[in-house]
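Asker: My file is entry06.csv. It has CSV, C-alpha atoms and all ligand atoms:
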```csv
chain,number,residue,atom,x,y,z
A,29,MET,CA,127.9,151.1,138.9
A,30,SER,CA,131.2,151.7,140.7
A,31,ILE,CA,130.2,149.8,143.8
A,32,LEU,CA,130.0,146.0,143.5
A,33,SER,CA,128.4,143.6,146.1
A,34,PHE,CA,128.2,139.9,145.6
A,35,PRO,CA,127.4,138.1,148.8
A,36,LYS,CA,127.8,134.7,147.1
A,37,ARG,CA,131.1,133.7,145.7
A,38,GLY,CA,129.7,131.2,143.2
A,39,LYS,CA,131.0,127.8,142.1
A,40,TRP,CA,134.4,129.0,140.9
A,41,GLY,CA,137.7,128.4,142.8
A,42,LYS,CA,137.8,127.0,146.3
A,43,SER,CA,135.5,128.3,149.0
A,44,SER,CA,138.0,126.9,151.5
A,45,TRP,CA,140.8,129.2,150.1
A,46,ARG,CA,140.9,132.0,152.7
A,47,GLY,CA,140.6,135.5,151.3
A,48,ASN,CA,139.4,134.3,147.9
A,49,CYS,CA,137.3,136.5,145.6
A,50,SER,CA,133.8,136.0,144.3
A,51,GLY,CA,133.7,134.8,140.7
A,52,TYR,CA,131.0,137.3,140.0
A,53,ILE,CA,133.6,140.1,140.5
A,54,TYR,CA,135.7,138.6,137.7
A,55,GLN,CA,132.7,138.3,135.5
A,56,GLU,CA,132.1,142.0,135.9
A,57,ILE,CA,135.7,143.0,135.3
A,58,PHE,CA,135.8,140.8,132.1
A,59,SER,CA,132.6,142.5,130.9
A,60,TRP,CA,134.3,145.9,131.2
A,61,THR,CA,137.7,144.9,129.8
A,62,ARG,CA,136.8,142.1,127.3
A,63,PRO,CA,140.2,140.5,127.2
A,64,GLN,CA,141.2,137.8,124.8
A,65,LEU,CA,144.2,136.8,126.9
A,66,PHE,CA,144.0,137.2,130.7
A,67,VAL,CA,146.7,136.6,133.3
A,68,ASP,CA,146.3,136.3,137.1
A,69,PRO,CA,149.8,136.2,138.6
A,70,MET,CA,148.5,135.4,142.1
A,71,CYS,CA,145.6,133.2,141.2
A,72,GLY,CA,145.3,131.4,144.6
A,73,SER,CA,142.5,128.8,144.2
A,74,GLY,CA,142.0,129.7,140.6
A,75,THR,CA,138.6,131.6,140.7
A,76,SER,CA,139.5,134.1,138.0
A,77,ILE,CA,140.9,131.5,135.7
A,78,GLU,CA,137.8,129.3,136.0
A,79,VAL,CA,135.5,132.2,135.3
A,80,ALA,CA,137.7,133.2,132.3
A,81,HIS,CA,137.7,129.7,130.8
A,82,GLU,CA,133.9,129.5,131.2
A,83,LEU,CA,133.6,132.7,129.1
A,84,GLY,CA,135.9,131.4,126.4
A,85,ILE,CA,138.8,133.7,127.5
A,86,GLU,CA,142.3,132.3,127.2
A,87,ALA,CA,143.7,132.5,130.7
A,88,VAL,CA,147.0,131.9,132.5
A,89,GLY,CA,147.1,131.5,136.3
A,90,LEU,CA,150.4,131.8,138.2
A,91,ASP,CA,151.1,131.7,142.0
A,92,LEU,CA,153.9,131.3,144.5
A,93,HIS,CA,152.3,128.1,145.6
A,94,SER,CA,153.1,126.6,142.2
A,95,GLY,CA,156.6,128.0,141.8
A,96,PHE,CA,156.0,131.5,140.2
A,97,ASN,CA,157.3,134.4,142.3
A,98,ILE,CA,156.1,137.8,141.2
A,99,LEU,CA,159.1,139.5,143.0
A,100,ARG,CA,161.7,137.4,141.1
A,101,ASP,CA,160.1,136.1,137.9
A,102,SER,CA,159.0,138.0,134.8
A,103,ILE,CA,155.3,137.5,134.1
A,104,LEU,CA,156.0,138.2,130.4
A,105,ASP,CA,158.6,135.5,130.2
A,106,ASN,CA,156.3,133.0,131.9
A,107,VAL,CA,153.3,133.7,129.7
A,108,GLY,CA,155.4,134.2,126.5
A,109,ARG,CA,153.4,137.2,125.1
A,110,GLN,CA,151.7,140.3,126.4
A,111,ALA,CA,148.1,140.0,127.6
A,112,ASP,CA,145.0,142.2,127.3
A,113,LEU,CA,144.4,142.1,131.1
A,114,VAL,CA,146.8,141.3,133.9
A,115,LEU,CA,145.0,141.4,137.2
A,116,SER,CA,146.3,140.4,140.7
A,117,HIS,CA,144.6,139.8,144.0
A,118,PRO,CA,147.5,140.0,146.4
A,119,PRO,CA,147.4,139.3,150.1
A,120,TYR,CA,147.8,142.5,152.1
A,121,GLY,CA,148.5,143.4,155.7
A,122,GLY,CA,149.2,140.0,157.0
A,123,MET,CA,145.6,139.4,157.8
A,124,ILE,CA,145.7,136.0,156.1
A,125,ILE,CA,149.1,134.2,155.9
A,126,TYR,CA,149.3,132.1,152.8
A,127,SER,CA,152.6,130.2,152.6
A,128,GLY,CA,152.9,127.8,155.6
A,129,GLU,CA,149.3,128.2,156.5
A,130,VAL,CA,147.0,128.0,153.5
A,131,TRP,CA,149.6,126.1,151.5
A,132,GLY,CA,153.1,124.5,151.8
A,133,GLU,CA,155.9,126.0,153.8
A,134,ALA,CA,156.6,129.6,154.8
A,135,HIS,CA,158.2,131.5,151.9
A,136,ALA,CA,160.1,134.7,152.4
A,137,ASP,CA,158.7,136.4,149.3
A,138,ASP,CA,155.1,135.6,150.2
A,139,LEU,CA,153.4,139.0,150.1
A,140,SER,CA,151.4,138.0,153.2
A,141,ARG,CA,154.7,137.8,155.1
A,142,CYS,CA,156.0,141.3,154.5
A,143,GLU,CA,157.9,142.7,157.5
A,144,SER,CA,156.3,146.1,157.4
A,145,ASP,CA,153.8,148.2,155.4
A,146,ASP,CA,156.7,149.9,153.7
A,147,ASP,CA,158.1,146.6,152.7
A,148,PHE,CA,154.6,145.7,151.3
A,149,HIS,CA,154.2,149.0,149.4
A,150,GLN,CA,157.6,148.5,147.7
A,151,LYS,CA,156.9,144.9,146.8
A,152,LEU,CA,153.4,145.7,145.5
A,153,GLN,CA,154.9,148.4,143.2
A,154,LEU,CA,157.4,145.9,141.8
A,155,ALA,CA,154.5,143.4,141.3
A,156,LEU,CA,152.4,146.0,139.5
A,157,LEU,CA,155.3,147.1,137.3
A,158,ASN,CA,155.9,143.4,136.5
A,159,GLN,CA,152.2,143.2,135.5
A,160,ARG,CA,152.4,146.3,133.4
A,161,GLU,CA,155.3,144.9,131.5
A,162,ALA,CA,153.2,141.8,130.7
A,163,THR,CA,150.3,144.0,129.4
A,164,LYS,CA,149.8,144.9,125.8
A,165,SER,CA,149.9,148.6,124.8
A,166,GLY,CA,146.3,149.7,125.2
A,167,GLY,CA,145.6,146.8,127.6
A,168,VAL,CA,144.7,146.9,131.3
A,169,TYR,CA,146.6,145.9,134.4
A,170,GLY,CA,145.3,146.2,137.9
A,171,THR,CA,144.8,144.8,141.4
A,172,ILE,CA,142.1,144.0,143.9
A,173,LEU,CA,143.1,145.0,147.4
A,174,GLY,CA,141.8,146.6,150.6
A,175,ASP,CA,143.0,148.7,153.4
A,176,TRP,CA,143.7,147.8,157.0
A,177,ARG,CA,143.3,149.4,160.4
A,178,ARG,CA,145.2,148.1,163.4
A,179,ALA,CA,146.3,149.6,166.7
A,180,GLY,CA,144.2,152.6,165.7
A,181,THR,CA,146.2,153.4,162.5
A,182,TYR,CA,144.6,153.1,159.1
A,183,THR,CA,146.9,152.0,156.3
A,184,SER,CA,145.6,152.6,152.8
A,185,TYR,CA,147.4,150.1,150.6
A,186,MET,CA,145.2,151.3,147.7
A,187,ALA,CA,146.3,154.9,148.1
A,188,GLU,CA,150.0,153.9,148.2
A,189,ALA,CA,149.6,151.7,145.1
A,190,ILE,CA,148.0,154.6,143.2
A,191,ALA,CA,150.7,157.0,144.3
A,192,ARG,CA,153.4,154.7,143.1
A,193,MET,CA,152.1,154.0,139.6
A,194,PRO,CA,151.9,156.4,136.6
A,195,LYS,CA,149.0,158.7,137.4
A,196,ASP,CA,148.1,159.3,133.8
A,197,GLU,CA,147.4,155.5,133.4
A,198,LEU,CA,144.9,155.2,136.2
A,199,MET,CA,141.6,154.1,134.6
A,200,ALA,CA,139.2,153.1,137.4
A,201,VAL,CA,138.8,152.6,141.1
A,202,VAL,CA,135.7,150.5,142.0
A,203,ILE,CA,134.6,149.6,145.5
A,204,LYS,CA,133.9,145.9,146.2
A,205,ALA,CA,131.9,145.0,149.3
A,206,GLN,CA,133.6,142.2,151.3
A,207,HIS,CA,131.3,139.7,152.8
A,208,ASN,CA,132.0,137.3,155.8
A,209,VAL,CA,135.0,139.3,156.9
A,210,THR,CA,136.5,137.5,159.9
A,211,SER,CA,139.8,139.3,160.6
A,212,GLY,CA,141.5,142.6,160.5
A,213,ASN,CA,138.5,144.5,161.8
A,214,THR,CA,139.3,145.0,165.5
A,215,VAL,CA,137.2,147.8,166.7
A,216,TYR,CA,139.0,150.4,168.9
A,217,ARG,CA,137.6,152.9,171.3
A,218,GLN,CA,136.5,155.4,168.7
A,219,LYS,CA,134.0,152.9,167.3
A,220,LEU,CA,135.0,153.5,163.7
A,221,PRO,CA,133.2,151.6,161.0
A,222,LEU,CA,134.5,148.1,160.2
A,223,ILE,CA,136.4,147.8,157.0
A,224,GLN,CA,134.1,145.8,154.8
A,225,HIS,CA,135.3,146.7,151.3
A,226,GLU,CA,138.1,146.2,148.9
A,227,TYR,CA,139.0,148.1,145.8
A,228,ILE,CA,139.5,147.1,142.2
A,229,VAL,CA,142.1,149.5,140.8
A,230,LEU,CA,142.7,149.4,137.1
A,231,TRP,CA,145.4,151.1,135.0
A,232,LYS,CA,145.5,151.4,131.2
A,233,LYS,CA,148.8,151.0,129.5
A,234,PRO,CA,149.1,153.7,126.9
A,235,LYS,CA,148.9,152.8,123.2
A,236,LEU,CA,151.9,154.8,122.3
A,237,LEU,CA,154.8,154.2,124.8
A,238,GLN,CA,156.9,157.3,124.2
A,239,VAL,CA,158.5,157.6,127.6
A,240,ASN,CA,160.1,155.0,129.8
A,241,VAL,CA,157.9,154.2,132.8
A,242,LEU,CA,160.8,154.6,135.3
A,243,SER,CA,161.4,158.2,134.1
A,244,VAL,CA,157.7,158.9,134.4
A,245,LEU,CA,157.7,157.6,138.0
A,246,ALA,CA,160.9,159.5,138.9
A,247,LYS,CA,159.4,162.8,137.5
A,248,GLN,CA,156.1,162.1,139.3
A,249,GLN,CA,157.9,161.5,142.7
A,250,HIS,CA,160.2,164.5,142.2
A,251,LYS,CA,157.2,166.8,141.5
A,252,ARG,CA,155.4,165.5,144.6
A,253,LEU,CA,158.5,166.2,146.8
A,254,THR,CA,158.9,169.7,145.3
A,255,GLN,CA,155.3,170.5,145.9
A,256,THR,CA,155.6,169.1,149.5
A,257,TRP,CA,158.5,171.5,150.2
A,258,LEU,CA,156.4,174.4,148.9
A,259,VAL,CA,153.6,173.4,151.2
A,260,VAL,CA,155.9,173.0,154.2
A,261,VAL,CA,157.5,176.4,153.8
A,262,ARG,CA,154.2,178.2,153.0
A,263,LEU,CA,152.5,176.6,156.1
A,264,ALA,CA,155.4,177.7,158.3
A,265,LEU,CA,155.2,181.3,156.9
A,266,MET,CA,151.4,181.3,157.4
A,267,SER,CA,151.8,180.3,161.0
A,268,LEU,CA,154.3,183.2,161.5
A,269,GLY,CA,151.6,185.7,160.4
A,270,GLY,CA,152.4,185.7,156.7
A,271,LYS,CA,155.9,187.2,157.0
A,272,SER,CA,159.1,186.4,158.8
A,273,THR,CA,162.8,186.6,159.0
A,274,LEU,CA,164.7,183.7,157.6
A,275,GLY,CA,165.9,182.7,161.1
A,276,LYS,CA,162.4,182.4,162.5
A,277,LEU,CA,161.2,180.6,159.3
A,278,TYR,CA,164.0,178.0,159.6
A,279,ALA,CA,163.0,177.4,163.2
A,280,LYS,CA,159.3,177.0,162.3
A,281,VAL,CA,160.1,174.7,159.4
A,282,ALA,CA,162.3,172.5,161.6
A,283,GLU,CA,159.5,172.3,164.1
A,284,ALA,CA,156.9,171.5,161.4
A,285,ALA,CA,158.8,168.9,159.4
A,286,PRO,CA,161.5,167.1,161.3
A,287,SER,CA,161.4,163.9,159.2
A,288,ARG,CA,161.7,165.8,156.0
A,289,LEU,CA,164.8,167.6,157.4
A,290,GLU,CA,166.5,164.3,158.3
A,291,GLN,CA,166.5,163.4,154.6
A,292,ASN,CA,168.1,166.7,153.5
A,293,GLU,CA,171.3,167.9,155.1
A,294,ASN,CA,171.1,171.3,153.2
A,295,TRP,CA,167.6,172.0,154.3
A,296,GLN,CA,168.2,175.7,155.1
A,297,ALA,CA,169.4,176.2,151.5
A,298,LYS,CA,166.4,174.2,150.3
A,299,VAL,CA,164.1,176.6,152.2
A,300,ARG,CA,165.8,179.6,150.5
A,301,GLN,CA,165.5,177.9,147.1
A,302,VAL,CA,161.8,177.2,147.7
A,303,LEU,CA,161.2,180.9,148.6
A,304,GLN,CA,163.2,182.1,145.5
A,305,MET,CA,161.7,179.7,143.0
A,306,HIS,CA,158.1,180.1,143.8
A,307,THR,CA,157.5,183.7,143.0
A,308,ALA,CA,153.7,183.3,142.8
A,309,ASP,CA,153.8,182.2,146.5
A,310,PHE,CA,156.5,184.2,148.2
A,311,TYR,CA,158.3,187.5,147.9
A,312,ALA,CA,161.1,189.3,149.8
A,313,ILE,CA,159.9,192.4,151.6
A,314,GLU,CA,163.6,193.3,152.2
A,315,ARG,CA,166.8,191.3,152.4
A,316,GLY,CA,166.3,188.3,154.7
A,317,ILE,CA,162.5,189.0,155.3
A,318,TRP,CA,160.0,186.9,153.4
A,319,ALA,CA,156.2,187.1,153.0
A,320,ILE,CA,153.4,185.3,151.3
A,321,ALA,CA,152.6,186.8,148.0
A,401,LIG,C1,144.2,136.6,148.1
A,401,LIG,S1,145.0,135.2,147.4
A,401,LIG,C2,144.3,135.1,145.8
A,401,LIG,C3,142.9,134.4,145.9
A,401,LIG,C4,142.2,134.2,144.5
A,401,LIG,N1,141.8,135.5,144.0
A,401,LIG,C5,141.1,133.3,144.7
A,401,LIG,O1,139.9,133.7,144.5
A,401,LIG,O2,141.3,132.1,145.0
A,401,LIG,C6,146.6,135.8,147.2
A,401,LIG,C7,147.6,134.8,146.5
A,401,LIG,O3,148.8,135.5,146.3
A,401,LIG,C8,149.8,134.5,146.4
A,401,LIG,N2,151.2,135.2,146.5
A,401,LIG,C9,151.7,135.7,147.6
A,401,LIG,N3,153.0,136.1,147.4
A,401,LIG,C10,153.2,135.9,146.1
A,401,LIG,C11,154.3,136.1,145.2
A,401,LIG,N4,155.5,136.6,145.7
A,401,LIG,N5,154.3,135.7,143.9
A,401,LIG,C12,153.1,135.1,143.4
A,401,LIG,N6,152.0,134.9,144.2
A,401,LIG,C13,152.1,135.3,145.5
A,401,LIG,C14,149.4,133.6,147.5
A,401,LIG,O4,150.0,132.3,147.4
A,401,LIG,C15,147.9,133.6,147.4
A,401,LIG,O5,147.5,132.4,146.7
```
Would it be possible to restate this file's structure as C-alpha cells?
Ligand SMILES: C[S@@+](CC[C@H](N)C(=O)[O-])C[C@H]1O[C@@H](n2cnc3c(N)ncnc32)[C@H](O)[C@@H]1O
Answerer:
Amino acid sequence: MSILSFPKRGKWGKSSWRGNCSGYIYQEIFSWTRPQLFVDPMCGSGTSIEVAHELGIEAVGLDLHSGFNILRDSILDNVGRQADLVLSHPPYGGMIIYSGEVWGEAHADDLSRCESDDDFHQKLQLALLNQREATKSGGVYGTILGDWRRAGTYTSYMAEAIARMPKDELMAVVIKAQHNVTSGNTVYRQKLPLIQHEYIVLWKKPKLLQVNVLSVLAKQQHKRLTQTWLVVVRLALMSLGGKSTLGKLYAKVAEAAPSRLEQNENWQAKVRQVLQMHTADFYAIERGIWAIA
C-alpha cells in the first residue's frame, strides 16, 4: 500500500519533540528495505533508532543537536562504513524551528532556519548526496518530507528533491498521512484542502557505479534546460499561428520567458540554434521564416 496512516506515534522517541514521526512508519520502511545497518542523520528525538534497535537492526543516529552537521560533516566518516539504509526526516519550510526553540541555541546550519526555499532546496540536495555517499551500492537512501503552502503559494519540497537527484535511482514515493497538524496550514480564500500528508521518498544506489554522480546530475540538468528551450520556442511559434519571421519569434520568446533570457545573453542565437537543432519540431519555409514541422 503506497499510502500510510498511523494516527498513533507509538512508544518510540519523544512525543514532546515537535514534528516527530510515528515509529510505525519506520517499522514499515524497515520491513520494505530490511537493513542490517541503518543511519538517521537527523534523528531528532531518536524514534527511528529506537524502532531499529527493537528489531535488532544496528542503527546510528546523528543530529545537529548533538554536534553532527549534515551540511559540513561527512556521514560516512562519522559512521565509519556504508549503511544499507540512510534515511532522514529533515525540517522543511520553517514551520517548526529546531535550534533555539526545540533544543539549544539558534544554529545557522539548522535546516529549519533556511533563508528561502531555494536555500533549502540546495541544502537538502547536499544532505541527500551526503546520505547517498554513506549508502552501500545496492542500498537505499531517502527522506521523509512534506510540502508547504503559504501566502497562496504551494512549494513542493518533494518535487524539488526528486528533480535534483539521479532520476534513474528513484525507487519509491509513498504518501504518509500527517496527524495532529497544528501549523503551516493557513487556509486562504480559495478554500484549498489542508496539507495533511508527507512523503517518503526512497532512492536506490546502483550496484555498479560506473559514472560519477555529479556528471549524472549535470547531464540531467543540461537535458532539462535544453528541453525547456525547445518548449519555450515551440510555444512561441504556436502562439504565432505555427509560422513566423525570426524577428516576431524573438519578440514572442522575450515576452514568454523573461527570466530565462536574463540568464542567457546570447538568447537570440540560442533561439536560432534551437530551431536548427530540432529538425523534428521546426523547419525553415524560406530564409528567416520558421514553422512547426
Ligand atoms: C523533523 S526532526 C526529526 C524528528 C525525528 N524523526 C523524530 O521522530 O524525533 C528534524 C531534525 O533535523 C535536525 N537538523 C536540522 N538541521 C540539521 C543539520 N544541518 N544537520 C543535522 N541535523 C539537522 C534538527 O535538529 C531536528 O532534530
Asker: In terms of the shortest atom-to-atom distance over all atoms listed in the file, which of A:Gly84, A:Phe66, A:Phe96, A:Arg37 is closest to ligand LIG 401 (chain A)?
Answerer: A:Phe96
Asker: Using only C-alpha atoms and all ligand atoms, what does the table of chain A residues within 6 Å of ligand LIG 401 (chain A) look like, with each row giving the shortest atom pair and its distance in Å to one decimal, sorted by chain and ascending number, as a tab-separated table?
Answerer:
```
residue	atom	partner	partner_atom	distance
A:Gly41	CA	A:LIG401	O2	5.6
A:Trp45	CA	A:LIG401	O2	5.9
A:Gly47	CA	A:LIG401	C1	4.9
A:Asn48	CA	A:LIG401	O1	3.5
A:Cys49	CA	A:LIG401	O1	4.0
A:Pro69	CA	A:LIG401	C12	5.9
A:Met70	CA	A:LIG401	N6	4.1
A:Cys71	CA	A:LIG401	C4	4.8
A:Gly72	CA	A:LIG401	O5	3.2
A:Ser73	CA	A:LIG401	O2	3.6
A:Gly74	CA	A:LIG401	O2	5.1
A:Thr75	CA	A:LIG401	O1	4.5
A:Asp91	CA	A:LIG401	N6	4.0
A:Leu92	CA	A:LIG401	C12	4.0
A:His93	CA	A:LIG401	O4	5.1
A:Phe96	CA	A:LIG401	C12	5.6
A:Asn97	CA	A:LIG401	N5	3.6
A:Ile98	CA	A:LIG401	N5	3.9
A:Leu99	CA	A:LIG401	N4	5.4
A:His117	CA	A:LIG401	C2	5.0
A:Pro118	CA	A:LIG401	C6	4.4
A:Pro119	CA	A:LIG401	C6	4.6
A:Tyr126	CA	A:LIG401	O4	5.4
A:Asp137	CA	A:LIG401	N4	4.8
A:Asp138	CA	A:LIG401	N3	3.5
A:Leu139	CA	A:LIG401	N3	4.0
```
Asker: The selected residues should be written to file as a PDB file, in the frame of the given file (atoms: C-alpha atoms).
Answerer:
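This is the output file again29.pdb:
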```pdb
ATOM      1  CA  GLY A  41     137.700 128.400 142.800  1.00  0.00           C
ATOM      2  CA  TRP A  45     140.800 129.200 150.100  1.00  0.00           C
ATOM      3  CA  GLY A  47     140.600 135.500 151.300  1.00  0.00           C
ATOM      4  CA  ASN A  48     139.400 134.300 147.900  1.00  0.00           C
ATOM      5  CA  CYS A  49     137.300 136.500 145.600  1.00  0.00           C
ATOM      6  CA  PRO A  69     149.800 136.200 138.600  1.00  0.00           C
ATOM      7  CA  MET A  70     148.500 135.400 142.100  1.00  0.00           C
ATOM      8  CA  CYS A  71     145.600 133.200 141.200  1.00  0.00           C
ATOM      9  CA  GLY A  72     145.300 131.400 144.600  1.00  0.00           C
ATOM     10  CA  SER A  73     142.500 128.800 144.200  1.00  0.00           C
ATOM     11  CA  GLY A  74     142.000 129.700 140.600  1.00  0.00           C
ATOM     12  CA  THR A  75     138.600 131.600 140.700  1.00  0.00           C
ATOM     13  CA  ASP A  91     151.100 131.700 142.000  1.00  0.00           C
ATOM     14  CA  LEU A  92     153.900 131.300 144.500  1.00  0.00           C
ATOM     15  CA  HIS A  93     152.300 128.100 145.600  1.00  0.00           C
ATOM     16  CA  PHE A  96     156.000 131.500 140.200  1.00  0.00           C
ATOM     17  CA  ASN A  97     157.300 134.400 142.300  1.00  0.00           C
ATOM     18  CA  ILE A  98     156.100 137.800 141.200  1.00  0.00           C
ATOM     19  CA  LEU A  99     159.100 139.500 143.000  1.00  0.00           C
ATOM     20  CA  HIS A 117     144.600 139.800 144.000  1.00  0.00           C
ATOM     21  CA  PRO A 118     147.500 140.000 146.400  1.00  0.00           C
ATOM     22  CA  PRO A 119     147.400 139.300 150.100  1.00  0.00           C
ATOM     23  CA  TYR A 126     149.300 132.100 152.800  1.00  0.00           C
ATOM     24  CA  ASP A 137     158.700 136.400 149.300  1.00  0.00           C
ATOM     25  CA  ASP A 138     155.100 135.600 150.200  1.00  0.00           C
ATOM     26  CA  LEU A 139     153.400 139.000 150.100  1.00  0.00           C
TER      27      LEU A 139
END
```
Asker: As an exercise, work out the distance from CA of Ser94 (chain A) to CA of Arg46 (chain A) in Å and give it to one decimal place.
Answerer: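 These two atoms are separated by 17.0 Å.
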Asker: So that I can see what lies close to Val67 (chain A), please list as a PyMOL selection string the residues with an atom at most 6 Å from it, counting all atoms listed in the file and leaving out residues fewer than 6 positions away in the same chain.
Answerer: chain A and resi 87-89+114
Asker: Once you have the residues from the selection above, write them out as a short mmCIF file (atom, residue, chain, number, x, y, z; two decimals), in the frame of the given file, restricted to C-alpha atoms.
Answerer:
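Output file part-v6.cif follows:
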```cif
data_model
loop_
_atom_site.label_atom_id
_atom_site.label_comp_id
_atom_site.auth_asym_id
_atom_site.auth_seq_id
_atom_site.Cartn_x
_atom_site.Cartn_y
_atom_site.Cartn_z
CA ALA A 87 143.70 132.50 130.70
CA VAL A 88 147.00 131.90 132.50
CA GLY A 89 147.10 131.50 136.30
CA VAL A 114 146.80 141.30 133.90
#
```
Asker: Would you mind listing what lies within 6 Å of region 224-230 of chain A as a list in words, with all atoms listed in the file counted and same-chain residues fewer than 5 positions away left out?
Answerer: Tyr169, Gly170, Thr171, Ile172, Leu173, Gly174, Met199, Ala200, Val201, Val202, Ile203, Lys204, Ala205 and Gln206 of chain A
Asker: Give me, please, the distance in Å between CA of Val107 (chain A) and CA of Ala162 (chain A), quoted to one decimal.
Answerer: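 CA of Ala162 (chain A) lies 8.2 Å from CA of Val107 (chain A).
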Asker: A:Gln159, A:Ala80, A:Leu65, A:Val299: which is nearest Lys276 (chain A), counting only C-alpha atoms?
Answerer: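 With only C-alpha atoms as the atom set, the closest residue is A:Val299.
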Asker: Env of Gly275 (chain A): 10 Å cut, atoms = all atoms listed in the file, seq-sep filter 6 positions within chain, self excluded. Answer as an MDAnalysis selection string.
Answerer: chainID A and resid 296 316:317
